[in-house]
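A.B. asks: Structure in structure tokens, see below.
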Amino acid sequence: MAGQIKDKDAYQRLNYLYQAAHCVLSQNPDNVELARFYCSTQRTIARRLVLRQDPSVKRTVCKKCCSLLIPGVSATTRQRRKKGKIRFTVMRCLSCGHTKKLLNNPDYCLWADRPEAQLEQPPKLPGPGPSLKDRSKDNHADKHRQTTSVSSTAGAAQNITST
């Protein structure tokens with residue numbers, strides 16, 4: 001089972017603002033200002049609470065004007081090659097003109113997706129154990145069990161010898 005997430009309600013609010021910005025732009029592409037307000041509020045909350053956002057979310061928000069980058073609606077997308085092998089996706093914001101270059105390598109794996117980036121759960125340390133009072137009760141119970149077993153085996157031995 002996954003551990004408890006710190007600031008779960010803050011992440012839910014960030015998610016809500018991101019989805020609201022998407023809904024606003026999908027219903028009315030001319031309403032860019034409202035979507036920008038939602039994204040800037042999302043960014044402000046994340047900064048204030050020092051929360052890390054998913055890379056897929058950060059890639060779809062313009063760093064300069066906080067506009068939501070949706071290809072064909074608020075951004076243009078082009079595929080470029082550099083020196084023959086390295087491929088990039090270049091996203092250009094239509095509001096401010098800021099460009100964002102994203103590596104387009106199918107073999108590339110984000111650091112957050114790598115197994116070594118995942119936090120390991122620390123091993124559970126043994127508890128403090130039973131208290132002295134509990135230990136004395138356990139010791140007394142163990143002594144009682146030993147004496148009853150010895151007396152029962154002695155009684156069984158007497159029964160065998162008497163027959």
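A note on labels: chains of the structure tokens are A, B, ... as shown, every chain counts residues from 1, and ligands are counted from 1 in their shown order.
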Set the distance at 9 Å and use only C-alpha atoms: which residues neighbour stretch 7-15 of chain A once local chain neighbours fewer than 4 positions away are removed? I'd like the list as a ChimeraX atom specification.
C.D. replies: /A:19-20,39,41-43,45-46,49,51,53
A.B. asks: Keeping only C-alpha atoms, write those residues as a PDB file, in the first residue's frame.
C.D. replies:
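Contents of the output file out.pdb:
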```pdb
ATOM      1  CA  GLN A  19      -8.207  20.443 -15.203  1.00  0.00           C
ATOM      2  CA  ALA A  20     -10.196  23.685 -15.019  1.00  0.00           C
ATOM      3  CA  CYS A  39      -2.274  28.108 -14.337  1.00  0.00           C
ATOM      4  CA  THR A  41      -2.643  30.296  -9.432  1.00  0.00           C
ATOM      5  CA  GLN A  42      -1.495  26.685  -9.695  1.00  0.00           C
ATOM      6  CA  ARG A  43       2.118  27.773 -10.019  1.00  0.00           C
ATOM      7  CA  ILE A  45       0.389  27.498  -4.794  1.00  0.00           C
ATOM      8  CA  ALA A  46       3.079  25.000  -5.817  1.00  0.00           C
ATOM      9  CA  LEU A  49       4.007  25.134  -0.469  1.00  0.00           C
ATOM     10  CA  LEU A  51       5.520  21.069  -3.994  1.00  0.00           C
ATOM     11  CA  GLN A  53       4.719  18.934  -9.960  1.00  0.00           C
TER      12      GLN A  53
END
```
A.B. asks: Enumerate as an mmCIF file with N, CA, C and O atoms, in the first residue's frame all residues of stretch 50-83 of chain A assigned to alpha helix (DSSP H) by DSSP on the backbone, naming them with the chain letters and numbers the document uses.
C.D. replies:
```cif
data_model
loop_
_atom_site.group_PDB
_atom_site.id
_atom_site.type_symbol
_atom_site.label_atom_id
_atom_site.label_comp_id
_atom_site.auth_asym_id
_atom_site.auth_seq_id
_atom_site.Cartn_x
_atom_site.Cartn_y
_atom_site.Cartn_z
ATOM 1 N N PRO A 55 6.374 16.140 -14.283
ATOM 2 C CA PRO A 55 6.978 16.712 -15.479
ATOM 3 C C PRO A 55 5.993 16.900 -16.641
ATOM 4 O O PRO A 55 6.116 17.851 -17.407
ATOM 5 N N SER A 56 5.007 16.019 -16.760
ATOM 6 C CA SER A 56 4.038 16.175 -17.844
ATOM 7 C C SER A 56 3.197 17.431 -17.662
ATOM 8 O O SER A 56 2.791 18.064 -18.641
ATOM 9 N N VAL A 57 2.964 17.840 -16.423
ATOM 10 C CA VAL A 57 2.220 19.070 -16.163
ATOM 11 C C VAL A 57 3.102 20.274 -16.444
ATOM 12 O O VAL A 57 2.670 21.248 -17.076
ATOM 13 N N LYS A 58 4.348 20.216 -16.003
ATOM 14 C CA LYS A 58 5.250 21.346 -16.215
ATOM 15 C C LYS A 58 5.532 21.583 -17.697
ATOM 16 O O LYS A 58 5.752 22.716 -18.107
ATOM 17 N N ARG A 59 5.509 20.527 -18.490
ATOM 18 C CA ARG A 59 5.769 20.672 -19.925
ATOM 19 C C ARG A 59 4.642 21.374 -20.662
ATOM 20 O O ARG A 59 4.859 21.910 -21.732
#
```
A.B. asks: Using only C-alpha atoms, determine which residues lie at most 10 Å from A:Arg36, disregarding the query and same-chain residues fewer than 6 positions distant; provide the list as an MDAnalysis selection string.
C.D. replies: chainID A and resid 21 24:25 42 61:62 65:69
A.B. asks: Kindly save the residues from that selection, with all heavy atoms included, as a CSV table (one decimal), in the first residue's frame.
C.D. replies:
```
chain,number,residue,atom,x,y,z
A,21,ALA,N,-8.3,24.7,-16.2
A,21,ALA,CA,-7.7,25.4,-17.3
A,21,ALA,C,-7.9,24.6,-18.6
A,21,ALA,O,-8.2,25.2,-19.7
A,21,ALA,CB,-6.2,25.6,-17.1
A,24,VAL,N,-11.6,25.1,-19.7
A,24,VAL,CA,-11.9,26.4,-20.2
A,24,VAL,C,-11.4,26.5,-21.7
A,24,VAL,O,-12.1,27.0,-22.6
A,24,VAL,CB,-11.2,27.5,-19.3
A,24,VAL,CG1,-11.1,28.8,-20.0
A,24,VAL,CG2,-12.0,27.6,-18.0
A,25,LEU,N,-10.2,26.0,-22.0
A,25,LEU,CA,-9.7,26.1,-23.3
A,25,LEU,C,-10.4,25.2,-24.3
A,25,LEU,O,-10.5,25.5,-25.5
A,25,LEU,CB,-8.2,25.9,-23.3
A,25,LEU,CG,-7.3,27.0,-22.9
A,25,LEU,CD1,-5.8,26.7,-23.0
A,25,LEU,CD2,-7.6,28.3,-23.7
A,42,GLN,N,-2.1,28.0,-9.9
A,42,GLN,CA,-1.5,26.7,-9.7
A,42,GLN,C,0.0,26.8,-9.4
A,42,GLN,O,0.5,26.2,-8.5
A,42,GLN,CB,-1.7,25.8,-10.9
A,42,GLN,CG,-1.1,24.5,-10.8
A,42,GLN,CD,-1.1,23.7,-12.2
A,42,GLN,OE1,-1.6,24.3,-13.2
A,42,GLN,NE2,-0.7,22.5,-12.2
A,61,VAL,N,2.8,23.9,-19.5
A,61,VAL,CA,2.6,25.3,-19.0
A,61,VAL,C,3.8,26.1,-19.4
A,61,VAL,O,4.9,25.7,-19.2
A,61,VAL,CB,2.4,25.3,-17.5
A,61,VAL,CG1,2.2,26.7,-17.0
A,61,VAL,CG2,1.2,24.4,-17.1
A,62,CYS,N,3.5,27.3,-20.0
A,62,CYS,CA,4.5,28.2,-20.4
A,62,CYS,C,5.2,28.8,-19.2
A,62,CYS,O,4.5,29.3,-18.3
A,62,CYS,CB,4.0,29.3,-21.3
A,62,CYS,SG,5.2,30.5,-21.9
A,65,CYS,N,4.6,33.1,-19.5
A,65,CYS,CA,3.3,33.8,-19.3
A,65,CYS,C,2.3,32.9,-18.6
A,65,CYS,O,1.2,33.3,-18.4
A,65,CYS,CB,2.8,34.2,-20.6
A,65,CYS,SG,2.3,32.9,-21.7
A,66,CYS,N,2.7,31.7,-18.1
A,66,CYS,CA,1.8,30.8,-17.4
A,66,CYS,C,0.6,30.4,-18.2
A,66,CYS,O,-0.5,30.0,-17.7
A,66,CYS,CB,1.3,31.4,-16.1
A,66,CYS,SG,2.6,31.5,-14.9
A,67,SER,N,0.7,30.4,-19.5
A,67,SER,CA,-0.4,30.0,-20.4
A,67,SER,C,-0.3,28.4,-20.6
A,67,SER,O,0.7,27.9,-20.6
A,67,SER,CB,-0.3,30.7,-21.7
A,67,SER,OG,-1.3,30.3,-22.6
A,68,LEU,N,-1.5,27.8,-20.7
A,68,LEU,CA,-1.5,26.4,-20.9
A,68,LEU,C,-1.2,26.1,-22.4
A,68,LEU,O,-1.8,26.7,-23.3
A,68,LEU,CB,-2.9,25.8,-20.6
A,68,LEU,CG,-3.1,24.3,-20.5
A,68,LEU,CD1,-2.2,23.8,-19.4
A,68,LEU,CD2,-4.5,24.0,-20.3
A,69,LEU,N,-0.2,25.2,-22.6
A,69,LEU,CA,0.2,25.0,-24.0
A,69,LEU,C,-0.5,23.7,-24.6
A,69,LEU,O,-0.2,22.6,-24.2
A,69,LEU,CB,1.7,24.7,-24.0
A,69,LEU,CG,2.6,25.9,-23.5
A,69,LEU,CD1,4.0,25.5,-23.5
A,69,LEU,CD2,2.4,27.1,-24.4
```
A.B. asks: Can you pull out every residue within 12 Å of A:Arg81, counting only C-alpha atoms, but drop anything in the same chain fewer than 4 positions away, and send it as an NGL selection string?
C.D. replies: :A and (85-90 or 101-105)
A.B. asks: Choose the residue, out of A:Lys83, A:Arg52, A:His22, A:Lys100, that has the smallest atom-to-atom separation from A:Lys64; count only C-alpha atoms.
C.D. replies: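 Selected residue with least distance to A:Lys64: A:Lys100.
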A.B. asks: Could you tell me which of A:Leu94, A:Arg47, A:Pro71, A:Thr99 comes closest to A:Val32 if we count only C-alpha atoms?
C.D. replies: A:Leu94
A.B. asks: For each of A:Thr60, A:Glu116, A:Arg92, A:Arg48, take the minimum atom-to-atom distance to A:Thr77, counting only C-alpha atoms, then give the residue where this is smallest.
C.D. replies: A:Arg92
A.B. asks: In terms of the shortest atom-to-atom distance over only C-alpha atoms, which of A:Lys63, A:Tyr108, A:Lys82, A:Cys23 is closest to A:Cys96?
C.D. replies: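 The closest residue to A:Cys96 is A:Lys63.
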A.B. asks: Separation of atom CA of A:Cys109 and atom CA of A:Thr44, in Å?
C.D. replies: 28.2 Å
A.B. asks: Have a look at A:Val50, A:Met91, A:Ala117, A:Leu34 and name the one nearest to A:Lys6; count only C-alpha atoms.
C.D. replies: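 Among the listed residues, the smallest separation from A:Lys6 belongs to A:Val50.
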